[in-house]
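Only one structure is covered here, and it is reproduced in the block below.
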Amino acid sequence: MSPVADAKVIKQNMIAPGHFRLYLFAPEIAEAARPGQFVHVRCGHTLDPLLRRPVSIHAVDREKGEVILFYRVAGRGTALLSKNNSGDTISLLGPLGHGFSMPQSHARVLVVAGGIGIAPLYFFLQEIAVSEISADVFLGAATQKQLFFMNEIKESGHRVVPSTDDGSTGYHGTVADLFEEYVRKSDNQNGPVRRGDDAKVYGCGPSGMLKRLTDIIAAAGIPGEVSLEERMGCGVGACLSCACKARGGKNGVQYRRACVDGPVFPAGEVVWE
Amino acid sequence: MSPVADAKVIKQNMIAPGHFRLYLFAPEIAEAARPGQFVHVRCGHTLDPLLRRPVSIHAVDREKGEVILFYRVAGRGTALLSKNNSGDTISLLGPLGHGFSMPQSHARVLVVAGGIGIAPLYFFLQEIAVSEISADVFLGAATQKQLFFMNEIKESGHRVVPSTDDGSTGYHGTVADLFEEYVRKSDNQNGPVRRGDDAKVYGCGPSGMLKRLTDIIAAAGIPGEVSLEERMGCGVGACLSCACKARGGKNGVQYRRACVDGPVFPAGEVVWE
Amino acid sequence: MSGVKPNLSVNVGGILMKNPVTTASGTFGFGPEYSPYLDLNRLGAIVVKGITLLPRTGNPTPRLAETPAGILNSIGLQNPGVERFISEALPFLADYDLPVIVNIAGDTVDDYALLAEKLSRASGVGGLEVNISCPNVKKGGMQFGSDPAMAAEVTRAVKASTGLPVIVKLSPNVTSIVAVAEKVAEAGADALSMINTVLGMAIDIKKKRPVLGNLLGGLSGPAVKPVAVRAVWQVYREVKLPIIGMGGITTAEDAIEFILAGATAVAVGTANFVNPRATMDVLEGIENYLCENGIENIDELTGLAQKS
Amino acid sequence: MSGVKPNLSVNVGGILMKNPVTTASGTFGFGPEYSPYLDLNRLGAIVVKGITLLPRTGNPTPRLAETPAGILNSIGLQNPGVERFISEALPFLADYDLPVIVNIAGDTVDDYALLAEKLSRASGVGGLEVNISCPNVKKGGMQFGSDPAMAAEVTRAVKASTGLPVIVKLSPNVTSIVAVAEKVAEAGADALSMINTVLGMAIDIKKKRPVLGNLLGGLSGPAVKPVAVRAVWQVYREVKLPIIGMGGITTAEDAIEFILAGATAVAVGTANFVNPRATMDVLEGIENYLCENGIENIDELTGLAQKS
Ligand SMILES: Cc1cc2nc3c(=O)[nH]c(=O)nc-3n(C[C@H](O)[C@H](O)[C@H](O)COP(=O)(O)OP(=O)(O)OC[C@H]3O[C@@H](n4cnc5c(N)ncnc54)[C@H](O)[C@@H]3O)c2cc1C
Ligand SMILES: Cc1cc2nc3c(=O)[nH]c(=O)nc-3n(C[C@H](O)[C@H](O)[C@H](O)COP(=O)(O)OP(=O)(O)OC[C@H]3O[C@@H](n4cnc5c(N)ncnc54)[C@H](O)[C@@H]3O)c2cc1C
Ligand SMILES: Cc1cc2nc3c(=O)[nH]c(=O)nc-3n(C[C@H](O)[C@H](O)[C@H](O)COP(=O)(O)O)c2cc1C
Ligand SMILES: Cc1cc2nc3c(=O)[nH]c(=O)nc-3n(C[C@H](O)[C@H](O)[C@H](O)COP(=O)(O)O)c2cc1C
Ligand code: FES
Ligand code: FES
């Protein structure tokens, strides 16, 4: 039986305006969770809003039985969620979905995160660090204050290349632009990423950014995986509301369910609208 | 303009299981409030539950600008209300309705409160104490632990005669039974309440109790006022959902609006179903 | 653009409103009830409680039940009758500068005609809203609204008895609201309003009987908003009459949904009970939305979602 | 009395259910999706997602919008088609001991007949639920459900093609659900289920276009409960067929409202998305209610509110 956990809030920290890290006691979920998976969260206790909200698992502490979420207040559900304090109870379903595949130990790992997209990739970076794999992390945000967890990521052995839309830190532009330049340079100068390399890209962020990322890596011939954000109903594959277009099937394009077939898909399989 | 006050919660105390005293900062309402009036309270912040809940004004502290409510958790709305803590904001409409008339200074004041019915009568007792009127208070509850505020009421100069359904304190039986005996004794023994006395009864409690009370005082020829509990929509007289039957009109019976014509009515005007 | 004040005025079938926000009949009394909470002059119009020829005492209590994000009501047209409405309630509104729209309901076609006639002779009435869709009365009411031919007959009778603009209020409790709207339009209605309440019911599982004294009731409030927006969308496509949209509007965002779907004006109903200033919040929010979107004229917004 | 376990078993037009709790088509997949969360054997029956003759890809996305205490969906009958349903989905359910009710939808009367035939030959099907009320498909769907004569024709065709119990699922989007129910009963239906979703719509005010890819959608969830209870109440009075009640059931209290109004069984739909164990909570709550009220047999509860 998969748990519907009534998780106790351990603590909740606002780490920037509208951005929260929520620590929940849910040992079974912590135990089972893999990077890229999500929990389906009941944000309030009344019939409005009605549906759960999908939130990536951002980190776990298996010893303490903790599941940690990192989220941005986007609307009513997440606003309610942010009102929870230590001792409150939140209903969680999970871990759900198909996460990131774990890279081979000798692989060249490139992580591209836009905005809140760092949420699940942070967990991914934690987990590969345990296997002593280090990654190049391209971290994009609107502005310096929203470049979250740079130091923590560096401390676990990864390299971080930041970008900001307003140029307040690092590369001035989007993280897709930054990554494109990086890949182009690699190509030209025989640099670190080449066709045939055992490189792999892991991306999460707004869909515009992921579409660009997919184009860039397709052109460069690098495989990759991206995590999609679809509106979800059930989260368990029953309602067919999270349909997203993927290559395959009889007509070359078929609907797949982001909640169980994803949210992480091989970049090359996604059919962008 | 009447206020729709966004009142800050000063504090909320559970004074018995499921019973709360809620202190709100709402100076305009505190200033204007009269005993028997109520506030229309938004218990949550979402669309469910949708409607406000009527709650009597239980006390005010005009100097501090405080409005105090005393309520019992009866369902979803009041359950949500009980979750509010100091610093939270609650929307109030009020003071609303037609309250108790203030007794003449020489009047013999008899107060009959059943259960949570003490909520508005407490305010009434406070206010008449300021005018140095003291009352005989018949206070009924299911059990001793729910005989609220006995000492506070005594301290403000009133006499309290308690009754409990389980006999754990005072008279063993309902407060209506207690009051009936009292009135009968008064009659027989030429005691304190007599026809022609300037006595007046003020009652609040479950509708079964108020109906009995009305019968008792009608038989004894004592005037009285009772506060009714009707399901309310708007609270301001617009929706006609709080209709209650009262004597008057062409057919001898007419609907009156509990929210604006009441909630306090002369006992003799109420037509009990 | 953000400096320019957008033009909010609308014309609903000859009723000139300074802005598109009005009240839903039966949820705003006759005006005095909410006048302590807002300046009535800021409303685009006021629609008063449904009026019948003779006084009505309304339905037995309880008359209200709360449901998820909605309410059921079975008030049953309690009202003082048209004579006392004219002599006692109308004068209060004469002091305000806004169109007064009177919602009328009858048991027969003649009732409607007579009501229209009497109200046309009264001073201070700016328009009539013909309630052929009340689920809470035995005779008339929804019966007229669920039969396109009957709806048309009532419309014609009212039009023949008045020079005032005539708005016909449609029921959602029909297989095709468009079919009713078309017939009503042919019969000469100047505008449409929709939706009246959705027929519903609640049962008290402790007492094992219906909650409402009248058994069935009309569902309103946020719960019905999707049904109402759909009705406006469908009718706007087929019928060229201005629409007053209503059903669950609590915020400006809700109101804008209705306007984008095809409404010329909007009415706030159940939300008044929750927030007495809901009409004002809606009005201010619409104005901000127009500014933010660089729209100078509210008319440009009507039906815009149909064009995408 | 409180010691005695009440008898929860019901007979829905020949389908024997060990308790009155089933699932609403389209909200519970084909079984495997929720099997990690509950023991399917504890359900009274399972109603699977709507099946068509040929596979369907469904409607364009977005297919879901949240509304106040409800959701709008426009899935559009995405399903693998009857052949693959029989070969791939049915075997999973064969391991369980509960009636499998297959919801069928067609574009033509013949489609329905053919589906019924094919499913009658498959093993492991306990009954058919005829979906003449889906608002999310262009052809067929609600068209059949909104015309009593068409509804009857579909019913007759299905009955002629199968020996399985036939439940006809009714749409609330009609002027008179009783009129449809009566014709369907005359045509030989063994039971009725109601309600399918209420036709609705939402508009994205940022994008200024409908939220759903398919523009209109079906409203379900707590918001529609009063409409559904009313439908069950009205039909129970006039038509002597067992009813599976559904629409907004999230708790046992909700389910009991339907039973008191006249339902023999109840289905949990949208609530599964919120609480995967909603069916179990409903079941346990019904059992407690019966115990507390000293009712030995669930049948005694059906329609009890009509008798007060
Ligand atoms: C698998 C998955 C993992 C996610 N992980 C995270 C995370 O770790 N941290 C985080 O901050 N957010 C995450 N999200 C996004 C998060 O689910 C939405 O921000 C949230 O559902 C918005 O709910 P709300 O009630 O606050 O806003 P709403 O009021 O519902 O909506 C606000 C805005 O967000 C859009 N929206 C609503 N639901 C979704 C959805 N499911 N997908 C895309 N857009 C939506 C609405 O259309 C609207 O524009 C994830 C989404 C998915 C599908
Ligand atoms: C003028 C007035 C003053 C009141 N003052 C107080 C007070 O000071 N303290 C206090 O504890 N309670 C008071 N009440 C009662 C209080 O309003 C209800 O207990 C409350 O509305 C219940 O809301 P809920 O959401 O918690 O319960 P719900 O879930 O709505 O209902 C719980 C039960 O209460 C019944 N109910 C709901 N609303 C009302 C209503 N307005 N009147 C009567 N029964 C209702 C329901 O039918 C149900 O049986 C007052 C009521 C009125 C009309
Ligand atoms: C308490 C109440 C009384 C109503 N009375 C009337 C009425 O007299 N005439 C009428 O046409 N509609 C009446 N209605 C319907 C409303 O005008 C409106 O059409 C409906 O409530 C939907 O809008 P809402 O969801 O904003 O409330 C009434 C609604 C409520 C809630
Ligand atoms: C996502 C979704 C898909 C549905 N698919 C079907 C379907 O395939 N066939 C059908 O007859 N009803 C379908 N329905 C309607 C439900 O079975 C049910 O009648 C309706 O949702 C009301 O119940 P609820 O409020 O408990 O969800 C669907 C409903 C939803 C929400
Ligand atoms: S969210 Fe229901 S199938 Fe994916
Ligand atoms: S509660 Fe609306 S008139 Fe009294």
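Lettering and numbering for the structure tokens are positional, with chains as A, B, ... in the shown order, residues counted from 1 in each chain, and ligands counted from 1 in the shown order.
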* For chain A, report every residue with an atom at most 7 Å from chain D (counting only C-alpha atoms), formatted as a PyMOL selection string. => chain A and resi 1-3+47-52+233-234+236-241+243
Take the residues from that selection and put them in a file with all heavy atoms, as a short mmCIF file (atom, residue, chain, number, x, y, z; two decimals), in the first residue's frame.
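File written: result_18.cif
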data_model
loop_
_atom_site.label_atom_id
_atom_site.label_comp_id
_atom_site.auth_asym_id
_atom_site.auth_seq_id
_atom_site.Cartn_x
_atom_site.Cartn_y
_atom_site.Cartn_z
N MET A 1 0.84 -1.21 0.00
CA MET A 1 0.00 0.00 0.00
C MET A 1 0.88 1.26 0.00
O MET A 1 1.74 1.41 0.86
CB MET A 1 -0.88 0.04 1.26
CG MET A 1 -1.92 -1.07 1.34
SD MET A 1 -3.43 -0.74 0.40
CE MET A 1 -3.71 -2.35 -0.32
N SER A 2 0.60 2.14 -0.92
CA SER A 2 1.29 3.42 -0.91
C SER A 2 0.65 4.29 0.14
O SER A 2 -0.54 4.21 0.38
CB SER A 2 1.15 4.12 -2.26
OG SER A 2 1.95 3.49 -3.21
N PRO A 3 1.43 5.09 0.77
CA PRO A 3 0.87 5.88 1.86
C PRO A 3 0.15 7.12 1.37
O PRO A 3 0.52 7.73 0.38
CB PRO A 3 2.12 6.27 2.64
CG PRO A 3 3.23 6.28 1.64
CD PRO A 3 2.85 5.32 0.55
N LEU A 47 -12.86 22.60 1.08
CA LEU A 47 -13.13 22.16 -0.30
C LEU A 47 -12.68 23.18 -1.33
O LEU A 47 -12.92 23.01 -2.52
CB LEU A 47 -14.63 21.88 -0.45
CG LEU A 47 -15.15 20.74 0.44
CD1 LEU A 47 -16.66 20.63 0.31
CD2 LEU A 47 -14.50 19.42 0.03
N ASP A 48 -12.09 24.25 -0.89
CA ASP A 48 -11.62 25.28 -1.82
C ASP A 48 -10.27 25.78 -1.35
O ASP A 48 -10.19 26.34 -0.26
CB ASP A 48 -12.63 26.43 -1.89
CG ASP A 48 -12.11 27.59 -2.69
OD1 ASP A 48 -11.85 27.40 -3.88
OD2 ASP A 48 -11.94 28.69 -2.11
N PRO A 49 -9.19 25.65 -2.10
CA PRO A 49 -9.12 24.93 -3.37
C PRO A 49 -9.29 23.42 -3.16
O PRO A 49 -8.92 22.90 -2.12
CB PRO A 49 -7.73 25.28 -3.90
CG PRO A 49 -6.93 25.64 -2.71
CD PRO A 49 -7.89 26.23 -1.73
N LEU A 50 -9.82 22.78 -4.19
CA LEU A 50 -10.19 21.39 -4.05
C LEU A 50 -9.04 20.42 -4.30
O LEU A 50 -8.85 19.46 -3.57
CB LEU A 50 -11.33 21.09 -5.04
CG LEU A 50 -11.93 19.69 -4.97
CD1 LEU A 50 -12.58 19.44 -3.63
CD2 LEU A 50 -12.96 19.51 -6.09
N LEU A 51 -8.31 20.66 -5.36
CA LEU A 51 -7.30 19.68 -5.80
C LEU A 51 -6.00 19.79 -5.01
O LEU A 51 -5.66 20.84 -4.48
CB LEU A 51 -7.00 19.87 -7.29
CG LEU A 51 -8.14 19.55 -8.25
CD1 LEU A 51 -7.74 19.94 -9.68
CD2 LEU A 51 -8.52 18.08 -8.19
N ARG A 52 -5.29 18.69 -5.01
CA ARG A 52 -3.92 18.71 -4.52
C ARG A 52 -3.04 19.48 -5.50
O ARG A 52 -3.42 19.70 -6.65
CB ARG A 52 -3.41 17.27 -4.40
CG ARG A 52 -4.06 16.51 -3.26
CD ARG A 52 -3.74 15.04 -3.30
NE ARG A 52 -4.40 14.37 -2.20
CZ ARG A 52 -3.85 14.16 -1.01
NH1 ARG A 52 -2.60 14.50 -0.77
NH2 ARG A 52 -4.54 13.58 -0.05
N GLY A 233 -4.59 16.44 -12.03
CA GLY A 233 -5.76 16.13 -11.22
C GLY A 233 -5.35 15.12 -10.16
O GLY A 233 -4.94 15.46 -9.06
N CYS A 234 -5.41 13.84 -10.54
CA CYS A 234 -5.22 12.77 -9.56
C CYS A 234 -3.77 12.56 -9.16
O CYS A 234 -3.49 12.17 -8.03
CB CYS A 234 -5.79 11.47 -10.13
SG CYS A 234 -4.90 10.86 -11.58
N VAL A 236 -2.03 10.13 -10.10
CA VAL A 236 -1.72 8.69 -10.07
C VAL A 236 -2.05 7.97 -11.39
O VAL A 236 -2.04 6.75 -11.45
CB VAL A 236 -2.44 7.98 -8.91
CG1 VAL A 236 -2.08 8.60 -7.57
CG2 VAL A 236 -3.96 7.99 -9.10
N GLY A 237 -2.38 8.74 -12.42
CA GLY A 237 -2.59 8.11 -13.72
C GLY A 237 -4.03 7.80 -14.07
O GLY A 237 -4.31 7.23 -15.12
N ALA A 238 -4.98 8.22 -13.22
CA ALA A 238 -6.36 7.82 -13.43
C ALA A 238 -7.19 8.79 -14.26
O ALA A 238 -8.11 8.38 -14.95
CB ALA A 238 -7.05 7.59 -12.08
N CYS A 239 -6.89 10.08 -14.18
CA CYS A 239 -7.84 11.06 -14.72
C CYS A 239 -7.52 11.51 -16.13
O CYS A 239 -8.36 12.11 -16.80
CB CYS A 239 -7.97 12.26 -13.79
SG CYS A 239 -6.54 13.37 -13.79
N LEU A 240 -6.31 11.28 -16.59
CA LEU A 240 -5.88 11.65 -17.94
C LEU A 240 -5.91 13.15 -18.20
O LEU A 240 -6.04 13.59 -19.34
CB LEU A 240 -6.73 10.91 -19.00
CG LEU A 240 -6.82 9.39 -18.81
CD1 LEU A 240 -7.69 8.79 -19.91
CD2 LEU A 240 -5.45 8.76 -18.82
N SER A 241 -5.79 13.93 -17.14
CA SER A 241 -5.81 15.37 -17.35
C SER A 241 -4.43 15.94 -17.60
O SER A 241 -4.29 17.02 -18.14
CB SER A 241 -6.45 16.07 -16.16
OG SER A 241 -5.67 15.86 -15.02
N ALA A 243 -2.22 14.99 -19.65
CA ALA A 243 -1.70 14.49 -20.92
C ALA A 243 -0.69 15.46 -21.53
O ALA A 243 -0.91 16.67 -21.55
CB ALA A 243 -2.87 14.29 -21.88
#
Under the rule of at most 6 Å, produce a per-residue listing of chain A near ligand 1: chain, number, name, the closest pair of atoms, and the distance in Å, as JSON lines, using only C-alpha atoms and all ligand atoms.
{"residue": "A:Phe38", "atom": "CA", "partner": "ligand 1", "partner_atom_place_in_ligand_line": "1 (C)", "distance": 5.7}
{"residue": "A:Arg53", "atom": "CA", "partner": "ligand 1", "partner_atom_place_in_ligand_line": "21 (O)", "distance": 4.4}
{"residue": "A:Pro54", "atom": "CA", "partner": "ligand 1", "partner_atom_place_in_ligand_line": "17 (O)", "distance": 4.3}
{"residue": "A:Val55", "atom": "CA", "partner": "ligand 1", "partner_atom_place_in_ligand_line": "5 (N)", "distance": 3.6}
{"residue": "A:Ser56", "atom": "CA", "partner": "ligand 1", "partner_atom_place_in_ligand_line": "8 (O)", "distance": 3.8}
{"residue": "A:Phe70", "atom": "CA", "partner": "ligand 1", "partner_atom_place_in_ligand_line": "9 (N)", "distance": 5.3}
{"residue": "A:Tyr71", "atom": "CA", "partner": "ligand 1", "partner_atom_place_in_ligand_line": "11 (O)", "distance": 3.1}
{"residue": "A:Arg72", "atom": "CA", "partner": "ligand 1", "partner_atom_place_in_ligand_line": "11 (O)", "distance": 3.9}
{"residue": "A:Val73", "atom": "CA", "partner": "ligand 1", "partner_atom_place_in_ligand_line": "26 (O)", "distance": 5.6}
{"residue": "A:Ala74", "atom": "CA", "partner": "ligand 1", "partner_atom_place_in_ligand_line": "26 (O)", "distance": 4.2}
{"residue": "A:Gly75", "atom": "CA", "partner": "ligand 1", "partner_atom_place_in_ligand_line": "27 (O)", "distance": 3.2}
{"residue": "A:Arg76", "atom": "CA", "partner": "ligand 1", "partner_atom_place_in_ligand_line": "25 (O)", "distance": 4.2}
{"residue": "A:Gly77", "atom": "CA", "partner": "ligand 1", "partner_atom_place_in_ligand_line": "25 (O)", "distance": 3.1}
{"residue": "A:Thr78", "atom": "CA", "partner": "ligand 1", "partner_atom_place_in_ligand_line": "26 (O)", "distance": 3.6}
{"residue": "A:Ala79", "atom": "CA", "partner": "ligand 1", "partner_atom_place_in_ligand_line": "26 (O)", "distance": 5.9}
{"residue": "A:Ile116", "atom": "CA", "partner": "ligand 1", "partner_atom_place_in_ligand_line": "11 (O)", "distance": 5.7}
{"residue": "A:Ala119", "atom": "CA", "partner": "ligand 1", "partner_atom_place_in_ligand_line": "8 (O)", "distance": 4.8}
{"residue": "A:Glu229", "atom": "CA", "partner": "ligand 1", "partner_atom_place_in_ligand_line": "53 (C)", "distance": 3.8}
{"residue": "A:Glu230", "atom": "CA", "partner": "ligand 1", "partner_atom_place_in_ligand_line": "42 (N)", "distance": 4.2}
{"residue": "A:Arg231", "atom": "CA", "partner": "ligand 1", "partner_atom_place_in_ligand_line": "41 (N)", "distance": 3.4}
{"residue": "A:Met232", "atom": "CA", "partner": "ligand 1", "partner_atom_place_in_ligand_line": "41 (N)", "distance": 5.1}
{"residue": "A:Pro263", "atom": "CA", "partner": "ligand 1", "partner_atom_place_in_ligand_line": "1 (C)", "distance": 5.2}
Go ahead and save the picked residues with N, CA and C atoms, as a compact mmCIF listing (two decimals), in the first residue's frame.
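So again-v1.txt came out as:
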# COMPACT_ATOMS: atom_id res chain seq x y z
N PHE A 38 7.70 13.52 -7.24
CA PHE A 38 6.99 14.61 -6.56
C PHE A 38 6.02 14.06 -5.53
N ARG A 53 -1.85 19.85 -5.04
CA ARG A 53 -0.88 20.51 -5.89
C ARG A 53 0.38 19.66 -5.96
N PRO A 54 0.90 19.45 -7.16
CA PRO A 54 2.14 18.68 -7.27
C PRO A 54 3.35 19.53 -6.91
N VAL A 55 4.19 19.03 -6.04
CA VAL A 55 5.43 19.73 -5.68
C VAL A 55 6.56 18.71 -5.65
N SER A 56 7.64 19.05 -6.33
CA SER A 56 8.79 18.15 -6.40
C SER A 56 9.37 17.89 -5.02
N PHE A 70 10.58 22.75 -1.78
CA PHE A 70 10.96 24.15 -2.04
C PHE A 70 9.99 24.67 -3.08
N TYR A 71 9.26 25.70 -2.70
CA TYR A 71 8.23 26.15 -3.65
C TYR A 71 8.07 27.66 -3.62
N ARG A 72 7.44 28.10 -4.67
CA ARG A 72 7.17 29.51 -4.90
C ARG A 72 5.67 29.69 -4.76
N VAL A 73 5.24 30.75 -4.13
CA VAL A 73 3.80 31.02 -4.05
C VAL A 73 3.34 31.51 -5.42
N ALA A 74 2.54 30.66 -6.08
CA ALA A 74 2.10 30.96 -7.44
C ALA A 74 0.63 31.33 -7.49
N GLY A 75 -0.12 30.95 -6.49
CA GLY A 75 -1.56 31.18 -6.49
C GLY A 75 -2.14 30.80 -5.15
N ARG A 76 -3.42 30.47 -5.16
CA ARG A 76 -4.13 30.25 -3.92
C ARG A 76 -3.63 29.05 -3.14
N GLY A 77 -3.35 27.96 -3.85
CA GLY A 77 -2.94 26.75 -3.15
C GLY A 77 -1.62 26.95 -2.43
N THR A 78 -0.64 27.41 -3.15
CA THR A 78 0.68 27.59 -2.54
C THR A 78 0.64 28.70 -1.48
N ALA A 79 -0.24 29.68 -1.65
CA ALA A 79 -0.38 30.71 -0.62
C ALA A 79 -0.86 30.08 0.68
N ILE A 116 12.49 28.26 -10.21
CA ILE A 116 12.10 27.27 -9.22
C ILE A 116 12.48 25.85 -9.67
N ALA A 119 14.35 23.18 -7.72
CA ALA A 119 13.76 22.39 -6.62
C ALA A 119 14.09 20.90 -6.73
N GLU A 229 6.06 20.50 -16.31
CA GLU A 229 5.01 20.95 -15.38
C GLU A 229 3.68 20.93 -16.10
N GLU A 230 2.85 19.97 -15.76
CA GLU A 230 1.51 19.93 -16.33
C GLU A 230 0.50 20.09 -15.21
N ARG A 231 -0.61 20.68 -15.53
CA ARG A 231 -1.73 20.73 -14.60
C ARG A 231 -2.15 19.31 -14.24
N MET A 232 -2.30 19.00 -12.99
CA MET A 232 -2.62 17.64 -12.60
C MET A 232 -3.91 17.54 -11.81
N PRO A 263 7.05 12.98 -14.22
CA PRO A 263 7.20 14.24 -14.96
C PRO A 263 8.50 14.34 -15.75
* Record the distance separating CA of Arg212 (chain A) and CA of Tyr182 (chain A), expressed in Å with one decimal. =>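 Answer for the CA of Arg212 (chain A) to CA of Tyr182 (chain A) separation: 14.0 Å.
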* To do: Can you pull out every residue within 7 Å of Arg62 (chain A), counting only C-alpha atoms, but drop anything in the same chain fewer than 2 positions away, and send it as a list in words?
  => Pro27, Ala30, Glu31, Val60, Lys64, Gly65 and Glu66 of chain A
Any chance you can output those residues with N, CA and C atoms as a PDB file, in the first residue's frame?
ATOM      1  N   PRO A  27       8.437   9.730   6.947  1.00  0.00           N
ATOM      2  CA  PRO A  27       9.567   8.805   6.794  1.00  0.00           C
ATOM      3  C   PRO A  27       9.419   7.832   5.625  1.00  0.00           C
ATOM      4  N   ALA A  30      10.226   9.750   2.494  1.00  0.00           N
ATOM      5  CA  ALA A  30      11.659  10.069   2.477  1.00  0.00           C
ATOM      6  C   ALA A  30      12.457   8.842   2.045  1.00  0.00           C
ATOM      7  N   GLU A  31      12.074   7.709   2.576  1.00  0.00           N
ATOM      8  CA  GLU A  31      12.771   6.467   2.279  1.00  0.00           C
ATOM      9  C   GLU A  31      12.688   6.107   0.795  1.00  0.00           C
ATOM     10  N   VAL A  60      15.648  15.061   0.900  1.00  0.00           N
ATOM     11  CA  VAL A  60      15.142  14.198   1.964  1.00  0.00           C
ATOM     12  C   VAL A  60      16.237  14.038   3.011  1.00  0.00           C
ATOM     13  N   LYS A  64      16.236  11.323   9.584  1.00  0.00           N
ATOM     14  CA  LYS A  64      15.224  12.020  10.378  1.00  0.00           C
ATOM     15  C   LYS A  64      13.815  11.779   9.852  1.00  0.00           C
ATOM     16  N   GLY A  65      13.717  11.104   8.710  1.00  0.00           N
ATOM     17  CA  GLY A  65      12.385  10.876   8.136  1.00  0.00           C
ATOM     18  C   GLY A  65      11.779  12.120   7.522  1.00  0.00           C
ATOM     19  N   GLU A  66      12.657  13.042   7.073  1.00  0.00           N
ATOM     20  CA  GLU A  66      12.149  14.321   6.577  1.00  0.00           C
ATOM     21  C   GLU A  66      12.067  14.379   5.058  1.00  0.00           C
TER      22      GLU A  66
END
* For chain C, list the residues within 7 Å of chain D, counting only C-alpha atoms, and write the list as a list in words. => Pro68, Ala69, Ser146, Asn173, Val174, Thr175, Leu199, Gly200, Met201, Ala202, Ile203, Ile205, Lys208, Arg209, Pro210, Pro222, Ala223, Pro226, Val227, Val229, Arg230, Ile256, Glu257, Leu260, Leu304, Ala305 and Ser308 of chain C
Selected residues written out, C-alpha atoms, as a PDB file, in the first residue's frame:
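Ended up saving to out_30.pdb:
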ATOM      1  CA  PRO C  68     -19.798  23.723  -1.021  1.00  0.00           C
ATOM      2  CA  ALA C  69     -18.823  27.198  -2.277  1.00  0.00           C
ATOM      3  CA  SER C 146     -38.073  26.490 -19.415  1.00  0.00           C
ATOM      4  CA  ASN C 173     -32.281  24.661 -15.844  1.00  0.00           C
ATOM      5  CA  VAL C 174     -32.972  23.953 -19.496  1.00  0.00           C
ATOM      6  CA  THR C 175     -31.604  21.705 -22.187  1.00  0.00           C
ATOM      7  CA  LEU C 199     -32.244  23.897  -9.157  1.00  0.00           C
ATOM      8  CA  GLY C 200     -30.768  21.987  -6.244  1.00  0.00           C
ATOM      9  CA  MET C 201     -31.396  20.359  -2.923  1.00  0.00           C
ATOM     10  CA  ALA C 202     -29.744  19.412   0.344  1.00  0.00           C
ATOM     11  CA  ILE C 203     -30.743  16.790   2.864  1.00  0.00           C
ATOM     12  CA  ILE C 205     -28.913  13.519   7.457  1.00  0.00           C
ATOM     13  CA  LYS C 208     -33.508  12.613   7.515  1.00  0.00           C
ATOM     14  CA  ARG C 209     -35.454  15.241   5.625  1.00  0.00           C
ATOM     15  CA  PRO C 210     -34.696  18.047   3.198  1.00  0.00           C
ATOM     16  CA  PRO C 222     -19.121  30.574  -6.680  1.00  0.00           C
ATOM     17  CA  ALA C 223     -20.104  26.925  -7.199  1.00  0.00           C
ATOM     18  CA  PRO C 226     -18.692  27.748 -14.531  1.00  0.00           C
ATOM     19  CA  VAL C 227     -22.309  27.070 -15.489  1.00  0.00           C
ATOM     20  CA  VAL C 229     -19.964  31.643 -17.778  1.00  0.00           C
ATOM     21  CA  ARG C 230     -20.856  28.816 -20.156  1.00  0.00           C
ATOM     22  CA  ILE C 256     -13.947  39.781 -16.218  1.00  0.00           C
ATOM     23  CA  GLU C 257     -14.491  36.109 -17.094  1.00  0.00           C
ATOM     24  CA  LEU C 260     -14.707  38.136 -21.897  1.00  0.00           C
ATOM     25  CA  LEU C 304     -13.107  39.051 -26.480  1.00  0.00           C
ATOM     26  CA  ALA C 305     -12.476  35.422 -25.500  1.00  0.00           C
ATOM     27  CA  SER C 308      -9.182  34.178 -29.853  1.00  0.00           C
TER      28      SER C 308
END
* **DSSP strand (DSSP E or B) residues within region 126-179 of chain A, listed as a ChimeraX atom specification** => /A:135-141,159-164,171-172
* Asked: What is the distance, in Å and to one decimal place, between CA of Ala265 (chain D) and CA of Val10 (chain D)?
  -> 7.3 Å
